[in-house]
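Have a look at coords-v4.cif; it's mmCIF, C-alpha atoms and all ligand atoms:
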data_start
loop_
_atom_site.label_atom_id
_atom_site.label_comp_id
_atom_site.auth_asym_id
_atom_site.auth_seq_id
_atom_site.Cartn_x
_atom_site.Cartn_y
_atom_site.Cartn_z
CA MET A 1 36.63 -26.87 15.91
CA THR A 2 33.36 -28.77 16.26
CA HIS A 3 31.47 -30.86 13.74
CA THR A 4 27.95 -29.78 14.70
CA LYS A 5 26.49 -26.68 13.10
CA PRO A 6 27.07 -23.44 15.01
CA THR A 7 23.92 -21.81 16.38
CA LEU A 8 23.16 -18.17 15.65
CA TYR A 9 20.78 -16.34 17.97
CA MET A 10 19.42 -13.70 15.67
CA PHE A 11 16.60 -11.54 14.40
CA PRO A 12 16.39 -11.96 10.61
CA ALA A 13 15.82 -8.26 9.81
CA SER A 14 18.59 -7.06 12.12
CA THR A 15 21.36 -4.78 10.91
CA THR A 16 24.02 -6.76 12.73
CA CYS A 17 22.66 -10.23 11.89
CA ARG A 18 22.22 -9.77 8.13
CA PRO A 19 25.99 -9.46 7.46
CA ILE A 20 26.58 -12.78 9.22
CA LEU A 21 23.71 -14.46 7.37
CA LEU A 22 25.04 -13.12 4.05
CA PHE A 23 28.62 -14.12 4.81
CA CYS A 24 27.56 -17.64 5.79
CA ALA A 25 25.33 -18.05 2.74
CA GLN A 26 28.12 -16.87 0.42
CA HIS A 27 30.60 -19.23 2.09
CA GLY A 28 28.35 -22.28 2.40
CA ILE A 29 28.48 -22.20 6.21
CA GLU A 30 25.44 -23.90 7.73
CA LEU A 31 23.97 -22.46 10.91
CA GLU A 32 21.15 -23.42 13.25
CA HIS A 33 19.00 -20.33 13.70
CA VAL A 34 17.35 -19.35 16.97
CA VAL A 35 15.13 -16.33 16.36
CA VAL A 36 15.12 -13.77 19.18
CA ASN A 37 12.17 -11.49 18.43
CA LEU A 38 13.29 -7.93 19.11
CA MET A 39 9.80 -6.62 18.35
CA THR A 40 8.23 -8.56 21.20
CA GLY A 41 11.13 -7.91 23.58
CA GLU A 42 12.39 -11.51 23.72
CA HIS A 43 15.93 -10.14 24.02
CA MET A 44 14.99 -8.53 27.34
CA ALA A 45 13.81 -11.79 28.94
CA ASP A 46 15.89 -13.51 31.64
CA ALA A 47 16.37 -16.57 29.42
CA TYR A 48 18.18 -14.50 26.83
CA ARG A 49 20.08 -12.37 29.36
CA SER A 50 21.90 -15.51 30.46
CA ILE A 51 23.06 -15.97 26.85
CA ASN A 52 23.99 -12.33 26.26
CA PRO A 53 23.97 -9.95 29.23
CA ALA A 54 24.04 -7.06 26.72
CA GLN A 55 20.62 -8.27 25.54
CA ARG A 56 21.36 -7.77 21.87
CA VAL A 57 21.60 -9.99 18.84
CA PRO A 58 23.56 -11.68 17.35
CA VAL A 59 25.20 -14.37 19.48
CA LEU A 60 27.03 -17.36 18.05
CA ARG A 61 27.30 -20.66 19.90
CA ASP A 62 29.90 -23.05 18.49
CA GLY A 63 30.66 -25.94 20.82
CA ALA A 64 31.95 -24.42 24.05
CA LEU A 65 32.27 -20.98 22.50
CA LEU A 66 29.54 -18.41 23.14
CA LEU A 67 30.45 -15.31 21.17
CA THR A 68 28.77 -11.90 21.09
CA GLU A 69 29.53 -8.90 18.84
CA SER A 70 28.78 -9.23 15.15
CA SER A 71 32.23 -8.05 14.11
CA SER A 72 33.91 -10.71 16.27
CA ILE A 73 31.52 -13.37 14.99
CA LEU A 74 32.32 -12.50 11.37
CA LYS A 75 36.06 -12.65 12.07
CA TYR A 76 35.75 -15.99 13.86
CA LEU A 77 33.73 -17.56 11.04
CA ALA A 78 36.09 -16.16 8.40
CA GLU A 79 39.06 -17.67 10.28
CA LYS A 80 37.29 -20.98 10.51
CA VAL A 81 36.77 -21.30 6.77
CA ASN A 82 40.00 -19.55 5.82
CA SER A 83 38.12 -16.90 3.89
CA PRO A 84 40.08 -14.49 1.67
CA THR A 85 37.76 -11.77 2.96
CA TYR A 86 39.91 -11.76 6.13
CA PRO A 87 43.20 -13.16 4.86
CA LYS A 88 45.57 -14.97 7.18
CA GLY A 89 49.18 -14.14 6.37
CA ASP A 90 48.45 -10.62 5.09
CA PRO A 91 48.79 -8.41 8.16
CA ILE A 92 48.55 -5.18 6.22
CA ARG A 93 45.27 -6.06 4.49
CA ARG A 94 43.88 -7.42 7.76
CA ALA A 95 44.83 -4.22 9.54
CA ARG A 96 42.99 -2.27 6.85
CA ILE A 97 39.91 -4.50 7.22
CA ASN A 98 39.99 -4.15 11.02
CA GLU A 99 40.28 -0.38 10.69
CA ARG A 100 37.20 -0.09 8.48
CA MET A 101 35.16 -2.52 10.59
CA ASP A 102 35.99 -0.56 13.73
CA TRP A 103 35.07 2.65 11.94
CA PHE A 104 31.67 1.25 10.93
CA ASN A 105 31.09 -0.22 14.37
CA THR A 106 31.88 2.84 16.45
CA GLY A 107 31.29 6.19 14.72
CA PHE A 108 29.01 5.23 11.85
CA TYR A 109 26.76 2.81 13.72
CA MET A 110 26.37 5.06 16.76
CA ASP A 111 25.17 8.03 14.72
CA PHE A 112 23.36 6.42 11.82
CA GLY A 113 21.87 3.53 13.79
CA TYR A 114 21.36 4.59 17.37
CA ASN A 115 20.90 8.35 16.84
CA LEU A 116 18.98 8.41 13.56
CA VAL A 117 17.38 5.19 12.28
CA TYR A 118 16.57 3.21 15.44
CA PRO A 119 14.91 6.06 17.40
CA GLN A 120 12.45 6.36 14.51
CA VAL A 121 11.67 2.70 13.85
CA LEU A 122 12.13 0.98 17.22
CA PRO A 123 9.63 2.27 19.81
CA HIS A 124 11.80 1.24 22.79
CA ILE A 125 14.68 3.37 21.47
CA LYS A 126 12.56 6.43 20.64
CA ARG A 127 13.21 9.19 23.21
CA SER A 128 10.09 9.83 25.29
CA ASP A 129 10.63 13.61 25.31
CA ALA A 130 9.88 15.20 21.90
CA ASP A 131 12.65 17.79 22.20
CA VAL A 132 15.21 15.13 23.14
CA GLN A 133 14.04 12.99 20.23
CA ALA A 134 14.41 15.93 17.81
CA ALA A 135 17.87 16.78 19.16
CA THR A 136 18.96 13.13 18.91
CA LEU A 137 17.83 12.92 15.28
CA GLU A 138 19.51 16.24 14.49
CA LEU A 139 22.80 15.01 15.94
CA GLY A 140 22.46 11.65 14.20
CA ALA A 141 21.69 13.23 10.83
CA SER A 142 24.47 15.82 10.90
CA ASN A 143 27.12 13.35 12.08
CA SER A 144 25.92 10.71 9.61
CA ALA A 145 26.41 13.18 6.76
CA ARG A 146 30.08 13.35 7.72
CA TRP A 147 30.41 9.56 8.00
CA LEU A 148 28.70 9.01 4.64
CA THR A 149 30.95 11.61 3.01
CA GLN A 150 34.01 9.87 4.42
CA LEU A 151 32.77 6.49 3.21
CA ASP A 152 31.97 7.89 -0.21
CA GLU A 153 35.04 10.00 -0.85
CA HIS A 154 37.76 8.47 1.29
CA TRP A 155 37.11 4.80 2.02
CA ILE A 156 35.49 3.78 -1.29
CA GLY A 157 36.20 6.75 -3.55
CA PRO A 158 35.73 6.75 -7.32
CA GLU A 159 38.43 4.15 -8.00
CA ARG A 160 37.65 1.27 -5.65
CA ASN A 161 34.94 -1.38 -5.83
CA TYR A 162 34.90 -2.07 -2.09
CA VAL A 163 35.64 -0.27 1.17
CA CYS A 164 39.26 -1.47 1.44
CA ASP A 165 40.36 -2.16 -2.14
CA ASP A 166 39.07 -4.00 -5.20
CA GLU A 167 38.41 -7.30 -3.40
CA ILE A 168 35.43 -7.94 -1.18
CA SER A 169 36.37 -8.15 2.51
CA LEU A 170 34.66 -8.67 5.85
CA ALA A 171 34.39 -4.87 6.11
CA ASP A 172 32.05 -4.91 3.12
CA TYR A 173 29.77 -7.53 4.66
CA PHE A 174 29.68 -5.65 7.93
CA GLY A 175 29.24 -2.19 6.41
CA TRP A 176 26.55 -3.39 4.01
CA GLY A 177 24.25 -4.24 6.93
CA LEU A 178 24.83 -0.90 8.60
CA VAL A 179 24.48 1.37 5.59
CA SER A 180 21.50 -0.44 4.07
CA MET A 181 19.49 -0.01 7.28
CA GLY A 182 18.87 3.52 5.94
CA GLU A 183 16.17 2.01 3.71
CA LEU A 184 13.98 1.82 6.83
CA ILE A 185 13.80 5.63 6.93
CA GLY A 186 13.87 6.07 3.14
CA GLN A 187 17.44 7.38 3.24
CA ARG A 188 18.39 8.72 -0.23
CA LEU A 189 22.02 8.22 -1.24
CA GLU A 190 22.26 10.12 -4.56
CA ARG A 191 24.72 12.54 -2.98
CA TYR A 192 27.01 9.59 -2.28
CA PRO A 193 27.54 7.97 -5.72
CA ASN A 194 30.37 5.67 -4.63
CA VAL A 195 28.35 4.41 -1.68
CA THR A 196 25.41 3.83 -4.04
CA ARG A 197 27.60 1.89 -6.49
CA TRP A 198 29.09 -0.22 -3.68
CA LEU A 199 25.68 -1.04 -2.20
CA GLU A 200 24.48 -2.12 -5.64
CA THR A 201 27.51 -4.41 -5.91
CA MET A 202 26.77 -5.94 -2.50
CA ASN A 203 23.09 -6.33 -3.30
CA ARG A 204 24.04 -8.34 -6.40
CA LEU A 205 25.66 -11.06 -4.28
CA PRO A 206 23.59 -14.18 -4.99
CA ALA A 207 22.42 -14.66 -1.40
CA SER A 208 21.52 -11.06 -0.64
CA THR A 209 17.90 -11.18 -1.85
CA GLU A 210 17.06 -14.17 0.33
CA VAL A 211 18.99 -12.82 3.33
CA ASN A 212 17.19 -9.48 2.99
CA ALA A 213 13.67 -10.92 2.73
CA ALA A 214 12.63 -10.10 6.32
CA PHE A 215 14.36 -6.73 6.21
CA ASP A 216 12.62 -5.86 2.93
CA GLY A 217 9.30 -6.75 4.55
CA TRP A 218 10.08 -4.39 7.43
CA VAL A 219 11.01 -1.62 4.96
CA ALA A 220 7.74 -2.18 3.05
CA SER A 221 5.73 -2.01 6.28
CA LEU A 222 7.07 1.52 6.91
CA ASP A 223 6.32 2.76 3.41
CA GLY A 224 4.42 6.06 3.36
CA GLN A 225 5.66 7.20 6.77
CA SER A 226 7.70 10.36 7.01
CA PHE A 227 11.13 10.14 8.63
CA ARG A 228 14.06 12.43 9.33
CA SER A 229 17.05 11.40 7.21
CA VAL A 230 20.44 12.74 6.16
CA ALA A 231 19.81 15.72 3.87
N1 LIG A 301 27.75 -4.19 19.11
C1 LIG A 301 26.73 -5.15 18.89
C2 LIG A 301 25.43 -4.41 18.59
C3 LIG A 301 24.32 -5.36 18.28
C4 LIG A 301 23.04 -4.61 18.04
O1 LIG A 301 22.98 -3.38 18.00
N2 LIG A 301 21.96 -5.40 17.91
C5 LIG A 301 20.64 -4.83 17.77
C6 LIG A 301 19.95 -5.37 16.55
S1 LIG A 301 20.69 -4.83 15.07
C7 LIG A 301 19.82 -5.23 18.97
O2 LIG A 301 19.90 -6.36 19.43
N3 LIG A 301 19.00 -4.31 19.48
C8 LIG A 301 18.15 -4.54 20.56
C9 LIG A 301 17.93 -3.30 21.34
O3 LIG A 301 18.63 -2.32 21.09
O4 LIG A 301 17.06 -3.30 22.22
C10 LIG A 301 27.10 -6.08 17.73
O5 LIG A 301 27.71 -5.60 16.78
O6 LIG A 301 26.78 -7.27 17.78
#
As structure tokens, how would this structure be written, given the file I've shared?
Amino acid sequence: MTHTKPTLYMFPASTTCRPILLFCAQHGIELEHVVVNLMTGEHMADAYRSINPAQRVPVLRDGALLLTESSSILKYLAEKVNSPTYPKGDPIRRARINERMDWFNTGFYMDFGYNLVYPQVLPHIKRSDADVQAATLELGASNSARWLTQLDEHWIGPERNYVCDDEISLADYFGWGLVSMGELIGQRLERYPNVTRWLETMNRLPASTEVNAAFDGWVASLDGQSFRSVA
């Protein structure tokens, strides 16, 4: 444990950085921010490759520790401040939180993020062939419908406030970033009332408006464009 502030290499509007920024703001964790501009390709430069060979944000530097993967960063920070959102001494609740974070990180993010939202809003991820782009979006949209249905009916359901139970957990912070990225493509969520209710709860966290400022600006800049979304 160090006494200097950890440094977060991040892009403020990023899906995987916003959960960390929100978690830290809600827990009073101070970070030094180093902005890596994804829009100008700073993450592809040699200087950044030496920090993260995967050339993605976020990365956390805390003393000798250089940590990639947003899910791992959230867990590390939660451990450090002994947060009840990732409770020590409750292996069953932790297992549940890990399960839902893995679910968001693998199936949901791959389809909703990399096969549906990103190819439409990030030029370097858009497929150069129009047919391949259309097929990618089709796959992303149809698989995302299944993931959103599972989140709505099975993980949250009509009875729970959050994705694991009635207490906020790391899985909620993480999932909030991933699901809310749908705003970039104007994703409507009326068909998923429990997801809608949960997102509203997360968006009421005191720090969420400030954390979302850059993201909201990005959403506003895309207003009026037509995108493929989950039907
Ligand atoms: N598995 C990684 C994924 C990180 C990720 O997808 N980062 C995006 C921003 S939200 C990124 O850096 N994208 C750059 C690119 O794809 O070129 C994590 O969870 O940290």
(Q) Which residues are near ligand LIG 301 (chain A) - at most 10 Å, using only C-alpha atoms and all ligand atoms? Format: as a PyMOL selection string. (A) chain A and resi 10-18+36-39+41-44+52+54-59+67-74+104-106+109-110+113-114+118-119+122-125+174+177-178+181
Same residues, C-alpha atoms, saved as a compact mmCIF listing (two decimals), in the frame of the given file:
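Below is the file part13.txt, written as the result:
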# COMPACT_ATOMS: atom_id res chain seq x y z
CA MET A 10 19.42 -13.70 15.67
CA PHE A 11 16.60 -11.54 14.40
CA PRO A 12 16.39 -11.96 10.61
CA ALA A 13 15.82 -8.26 9.81
CA SER A 14 18.59 -7.06 12.12
CA THR A 15 21.36 -4.78 10.91
CA THR A 16 24.02 -6.76 12.73
CA CYS A 17 22.66 -10.23 11.89
CA ARG A 18 22.22 -9.77 8.13
CA VAL A 36 15.12 -13.77 19.18
CA ASN A 37 12.17 -11.49 18.43
CA LEU A 38 13.29 -7.93 19.11
CA MET A 39 9.80 -6.62 18.35
CA GLY A 41 11.13 -7.91 23.58
CA GLU A 42 12.39 -11.51 23.72
CA HIS A 43 15.93 -10.14 24.02
CA MET A 44 14.99 -8.53 27.34
CA ASN A 52 23.99 -12.33 26.26
CA ALA A 54 24.04 -7.06 26.72
CA GLN A 55 20.62 -8.27 25.54
CA ARG A 56 21.36 -7.77 21.87
CA VAL A 57 21.60 -9.99 18.84
CA PRO A 58 23.56 -11.68 17.35
CA VAL A 59 25.20 -14.37 19.48
CA LEU A 67 30.45 -15.31 21.17
CA THR A 68 28.77 -11.90 21.09
CA GLU A 69 29.53 -8.90 18.84
CA SER A 70 28.78 -9.23 15.15
CA SER A 71 32.23 -8.05 14.11
CA SER A 72 33.91 -10.71 16.27
CA ILE A 73 31.52 -13.37 14.99
CA LEU A 74 32.32 -12.50 11.37
CA PHE A 104 31.67 1.25 10.93
CA ASN A 105 31.09 -0.22 14.37
CA THR A 106 31.88 2.84 16.45
CA TYR A 109 26.76 2.81 13.72
CA MET A 110 26.37 5.06 16.76
CA GLY A 113 21.87 3.53 13.79
CA TYR A 114 21.36 4.59 17.37
CA TYR A 118 16.57 3.21 15.44
CA PRO A 119 14.91 6.06 17.40
CA LEU A 122 12.13 0.98 17.22
CA PRO A 123 9.63 2.27 19.81
CA HIS A 124 11.80 1.24 22.79
CA ILE A 125 14.68 3.37 21.47
CA PHE A 174 29.68 -5.65 7.93
CA GLY A 177 24.25 -4.24 6.93
CA LEU A 178 24.83 -0.90 8.60
CA MET A 181 19.49 -0.01 7.28
Q. Can you tell me, as a ChimeraX atom specification, what residues are no more than 12 Å from Gln150 in chain A when counting all atoms listed in the file, ignoring any on the same chain fewer than 2 positions away?
A. /A:100,103-104,107-108,143-148,152-157,163,192,194-195
Q: For Phe227 in chain A, work out the shell of residues within 10 Å, counting all atoms listed in the file and skipping chain neighbours fewer than 5 positions away, then give it as JSON, numbers by chain.
A: {"A": [116, 117, 120, 121, 137, 184, 185, 186, 187, 222]}
Q: Rank A:Pro84, A:Gly175, A:Gly89, A:Pro158 by their smallest atom-to-atom distance to Pro19 in chain A, using only C-alpha atoms, and report the top residue only.
A: A:Gly175
Put a box with edges along x, y and z around all the listed atoms of range 192-199 of chain A, pad it by 4 Å on each side, then give me its centre and sizes in Å, one decimal, as lines of an AutoDock Vina configuration file.
center_x = 27.9
center_y = 4.3
center_z = -4.1
size_x = 13.0
size_y = 18.6
size_z = 12.8
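Take the candidates A:Pro206, A:Pro6, A:Pro91, A:Gly28 and check each one against Leu60 in chain A using only C-alpha atoms; the shortest distance goes to A:Pro6.
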(Q) Set the distance at 8 Å and use all atoms listed in the file: which residues neighbour Ala141 in chain A once local chain neighbours fewer than 4 positions away are removed? I'd like the list as a ChimeraX atom specification. (A) /A:111-112,115-116,137,145,228-231
Q.
Rounded to one decimal, what separation in Å do you get between CA of Glu30 in chain A and CA of Tyr48 in chain A?
A.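 The value is 22.5 Å.
If you measure from each of A:Ser169, A:Thr4, A:Thr40, A:Asn98 to Ser83 in chain A using all atoms listed in the file, the closest one turns out to be A:Ser169.
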Residues near Ala25 in chain A, anyone? I mean within 12 Å using all atoms listed in the file, not counting same-chain ones fewer than 6 positions away, as a JSON list (two decimals) with C-alpha atoms, in the frame of the given file.
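Result file result_34.json:
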[["chain", "number", "residue", "atom", "x", "y", "z"],
["A", 18, "ARG", "CA", 22.22, -9.77, 8.13],
["A", 19, "PRO", "CA", 25.99, -9.46, 7.46],
["A", 31, "LEU", "CA", 23.97, -22.46, 10.91],
["A", 77, "LEU", "CA", 33.73, -17.56, 11.04],
["A", 173, "TYR", "CA", 29.77, -7.53, 4.66],
["A", 205, "LEU", "CA", 25.66, -11.06, -4.28],
["A", 206, "PRO", "CA", 23.59, -14.18, -4.99],
["A", 207, "ALA", "CA", 22.42, -14.66, -1.40],
["A", 208, "SER", "CA", 21.52, -11.06, -0.64],
["A", 209, "THR", "CA", 17.90, -11.18, -1.85],
["A", 210, "GLU", "CA", 17.06, -14.17, 0.33],
["A", 211, "VAL", "CA", 18.99, -12.82, 3.33],
["A", 212, "ASN", "CA", 17.19, -9.48, 2.99]]
Q: Rounded to one decimal place, report the CA of Leu65 in chain A-CA of Asp90 in chain A distance in Å.
A: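 Going from CA of Leu65 in chain A over to CA of Asp90 in chain A covers 25.9 Å.
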Q.
Between CA of Ile20 in chain A and CA of Ala214 in chain A, what distance in Å does the model show, to one decimal?
A. 14.5 Å
Q.
Let me make sure I understand: among A:Glu32, A:Glu167, A:Asp216, A:Glu183, which one has the smallest atom-to-atom distance to Thr201 in chain A if we use all atoms listed in the file?
A.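 Comparing A:Glu32, A:Glu167, A:Asp216, A:Glu183 against Thr201 in chain A, the winner is A:Glu167.
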Q) Between A:Ala171, A:Leu8, A:Leu199, A:Ala135, which has the minimum distance to Gly63 in chain A (counting all atoms listed in the file)? A)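 Using all atoms listed in the file, the shortest distance to Gly63 in chain A belongs to A:Leu8.
Of the residues listed (A:Leu21, A:Ala95, A:Val132, A:Tyr86), A:Tyr86 shows the shortest atom-to-atom separation from Ile168 in chain A; distances use all atoms listed in the file.
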Can I get range 62-98 of chain A with N, CA and C atoms filled in, as a PDB file, keeping the file's coordinate frame?
ATOM      1  N   ASP A  62      29.205 -22.017  19.277  1.00  0.00           N
ATOM      2  CA  ASP A  62      29.900 -23.050  18.490  1.00  0.00           C
ATOM      3  C   ASP A  62      30.649 -23.927  19.480  1.00  0.00           C
ATOM      4  N   GLY A  63      30.077 -25.090  19.783  1.00  0.00           N
ATOM      5  CA  GLY A  63      30.660 -25.940  20.820  1.00  0.00           C
ATOM      6  C   GLY A  63      30.669 -25.183  22.141  1.00  0.00           C
ATOM      7  N   ALA A  64      31.841 -25.081  22.760  1.00  0.00           N
ATOM      8  CA  ALA A  64      31.950 -24.420  24.050  1.00  0.00           C
ATOM      9  C   ALA A  64      32.002 -22.896  23.915  1.00  0.00           C
ATOM     10  N   LEU A  65      32.126 -22.435  22.707  1.00  0.00           N
ATOM     11  CA  LEU A  65      32.270 -20.980  22.500  1.00  0.00           C
ATOM     12  C   LEU A  65      30.911 -20.302  22.408  1.00  0.00           C
ATOM     13  N   LEU A  66      30.722 -19.278  23.235  1.00  0.00           N
ATOM     14  CA  LEU A  66      29.540 -18.410  23.140  1.00  0.00           C
ATOM     15  C   LEU A  66      30.085 -17.028  22.824  1.00  0.00           C
ATOM     16  N   LEU A  67      29.780 -16.521  21.631  1.00  0.00           N
ATOM     17  CA  LEU A  67      30.450 -15.310  21.170  1.00  0.00           C
ATOM     18  C   LEU A  67      29.436 -14.225  20.822  1.00  0.00           C
ATOM     19  N   THR A  68      29.599 -13.055  21.433  1.00  0.00           N
ATOM     20  CA  THR A  68      28.770 -11.900  21.090  1.00  0.00           C
ATOM     21  C   THR A  68      29.570 -10.981  20.168  1.00  0.00           C
ATOM     22  N   GLU A  69      28.935  -9.926  19.709  1.00  0.00           N
ATOM     23  CA  GLU A  69      29.530  -8.900  18.840  1.00  0.00           C
ATOM     24  C   GLU A  69      29.645  -9.398  17.401  1.00  0.00           C
ATOM     25  N   SER A  70      28.846  -8.794  16.548  1.00  0.00           N
ATOM     26  CA  SER A  70      28.780  -9.230  15.150  1.00  0.00           C
ATOM     27  C   SER A  70      30.137  -9.181  14.454  1.00  0.00           C
ATOM     28  N   SER A  71      30.913  -8.166  14.750  1.00  0.00           N
ATOM     29  CA  SER A  71      32.230  -8.050  14.110  1.00  0.00           C
ATOM     30  C   SER A  71      33.125  -9.226  14.513  1.00  0.00           C
ATOM     31  N   SER A  72      33.094  -9.581  15.793  1.00  0.00           N
ATOM     32  CA  SER A  72      33.910 -10.710  16.270  1.00  0.00           C
ATOM     33  C   SER A  72      33.411 -12.026  15.688  1.00  0.00           C
ATOM     34  N   ILE A  73      32.090 -12.137  15.552  1.00  0.00           N
ATOM     35  CA  ILE A  73      31.520 -13.370  14.990  1.00  0.00           C
ATOM     36  C   ILE A  73      31.949 -13.523  13.529  1.00  0.00           C
ATOM     37  N   LEU A  74      31.878 -12.438  12.781  1.00  0.00           N
ATOM     38  CA  LEU A  74      32.320 -12.500  11.370  1.00  0.00           C
ATOM     39  C   LEU A  74      33.788 -12.914  11.286  1.00  0.00           C
ATOM     40  N   LYS A  75      34.627 -12.332  12.124  1.00  0.00           N
ATOM     41  CA  LYS A  75      36.060 -12.650  12.070  1.00  0.00           C
ATOM     42  C   LYS A  75      36.304 -14.118  12.441  1.00  0.00           C
ATOM     43  N   TYR A  76      35.586 -14.598  13.442  1.00  0.00           N
ATOM     44  CA  TYR A  76      35.750 -15.990  13.860  1.00  0.00           C
ATOM     45  C   TYR A  76      35.351 -16.939  12.737  1.00  0.00           C
ATOM     46  N   LEU A  77      34.204 -16.679  12.113  1.00  0.00           N
ATOM     47  CA  LEU A  77      33.730 -17.560  11.040  1.00  0.00           C
ATOM     48  C   LEU A  77      34.669 -17.496   9.834  1.00  0.00           C
ATOM     49  N   ALA A  78      35.164 -16.303   9.529  1.00  0.00           N
ATOM     50  CA  ALA A  78      36.090 -16.160   8.400  1.00  0.00           C
ATOM     51  C   ALA A  78      37.383 -16.933   8.660  1.00  0.00           C
ATOM     52  N   GLU A  79      37.866 -16.892   9.906  1.00  0.00           N
ATOM     53  CA  GLU A  79      39.060 -17.670  10.280  1.00  0.00           C
ATOM     54  C   GLU A  79      38.804 -19.154  10.083  1.00  0.00           C
ATOM     55  N   LYS A  80      37.611 -19.556  10.528  1.00  0.00           N
ATOM     56  CA  LYS A  80      37.290 -20.980  10.510  1.00  0.00           C
ATOM     57  C   LYS A  80      37.300 -21.560   9.104  1.00  0.00           C
ATOM     58  N   VAL A  81      36.832 -20.779   8.141  1.00  0.00           N
ATOM     59  CA  VAL A  81      36.770 -21.300   6.770  1.00  0.00           C
ATOM     60  C   VAL A  81      37.896 -20.759   5.903  1.00  0.00           C
ATOM     61  N   ASN A  82      38.848 -20.068   6.557  1.00  0.00           N
ATOM     62  CA  ASN A  82      40.000 -19.550   5.820  1.00  0.00           C
ATOM     63  C   ASN A  82      39.566 -18.659   4.662  1.00  0.00           C
ATOM     64  N   SER A  83      38.679 -17.733   4.958  1.00  0.00           N
ATOM     65  CA  SER A  83      38.120 -16.900   3.890  1.00  0.00           C
ATOM     66  C   SER A  83      39.100 -15.804   3.465  1.00  0.00           C
ATOM     67  N   PRO A  84      39.227 -15.591   2.156  1.00  0.00           N
ATOM     68  CA  PRO A  84      40.080 -14.490   1.670  1.00  0.00           C
ATOM     69  C   PRO A  84      39.537 -13.112   2.042  1.00  0.00           C
ATOM     70  N   THR A  85      38.301 -13.073   2.533  1.00  0.00           N
ATOM     71  CA  THR A  85      37.760 -11.770   2.960  1.00  0.00           C
ATOM     72  C   THR A  85      38.405 -11.283   4.249  1.00  0.00           C
ATOM     73  N   TYR A  86      39.182 -12.150   4.903  1.00  0.00           N
ATOM     74  CA  TYR A  86      39.910 -11.760   6.130  1.00  0.00           C
ATOM     75  C   TYR A  86      41.197 -12.584   6.127  1.00  0.00           C
ATOM     76  N   PRO A  87      42.124 -12.236   5.213  1.00  0.00           N
ATOM     77  CA  PRO A  87      43.200 -13.160   4.860  1.00  0.00           C
ATOM     78  C   PRO A  87      44.222 -13.362   5.983  1.00  0.00           C
ATOM     79  N   LYS A  88      44.453 -14.634   6.292  1.00  0.00           N
ATOM     80  CA  LYS A  88      45.570 -14.970   7.180  1.00  0.00           C
ATOM     81  C   LYS A  88      46.851 -14.641   6.412  1.00  0.00           C
ATOM     82  N   GLY A  89      47.907 -14.323   7.053  1.00  0.00           N
ATOM     83  CA  GLY A  89      49.180 -14.140   6.370  1.00  0.00           C
ATOM     84  C   GLY A  89      49.291 -12.849   5.588  1.00  0.00           C
ATOM     85  N   ASP A  90      48.336 -11.932   5.751  1.00  0.00           N
ATOM     86  CA  ASP A  90      48.450 -10.620   5.090  1.00  0.00           C
ATOM     87  C   ASP A  90      48.117  -9.555   6.137  1.00  0.00           C
ATOM     88  N   PRO A  91      49.092  -9.302   7.034  1.00  0.00           N
ATOM     89  CA  PRO A  91      48.790  -8.410   8.160  1.00  0.00           C
ATOM     90  C   PRO A  91      48.395  -7.009   7.740  1.00  0.00           C
ATOM     91  N   ILE A  92      48.889  -6.549   6.620  1.00  0.00           N
ATOM     92  CA  ILE A  92      48.550  -5.180   6.220  1.00  0.00           C
ATOM     93  C   ILE A  92      47.092  -5.118   5.751  1.00  0.00           C
ATOM     94  N   ARG A  93      46.682  -6.090   4.946  1.00  0.00           N
ATOM     95  CA  ARG A  93      45.270  -6.060   4.490  1.00  0.00           C
ATOM     96  C   ARG A  93      44.326  -6.299   5.675  1.00  0.00           C
ATOM     97  N   ARG A  94      44.716  -7.184   6.570  1.00  0.00           N
ATOM     98  CA  ARG A  94      43.880  -7.420   7.760  1.00  0.00           C
ATOM     99  C   ARG A  94      43.759  -6.169   8.608  1.00  0.00           C
ATOM    100  N   ALA A  95      44.874  -5.464   8.755  1.00  0.00           N
ATOM    101  CA  ALA A  95      44.830  -4.220   9.540  1.00  0.00           C
ATOM    102  C   ALA A  95      43.864  -3.234   8.906  1.00  0.00           C
ATOM    103  N   ARG A  96      43.893  -3.164   7.581  1.00  0.00           N
ATOM    104  CA  ARG A  96      42.990  -2.270   6.850  1.00  0.00           C
ATOM    105  C   ARG A  96      41.526  -2.689   7.081  1.00  0.00           C
ATOM    106  N   ILE A  97      41.279  -3.995   7.019  1.00  0.00           N
ATOM    107  CA  ILE A  97      39.910  -4.500   7.220  1.00  0.00           C
ATOM    108  C   ILE A  97      39.446  -4.199   8.653  1.00  0.00           C
ATOM    109  N   ASN A  98      40.340  -4.452   9.620  1.00  0.00           N
ATOM    110  CA  ASN A  98      39.990  -4.150  11.020  1.00  0.00           C
ATOM    111  C   ASN A  98      39.673  -2.671  11.198  1.00  0.00           C
TER     112      ASN A  98
END
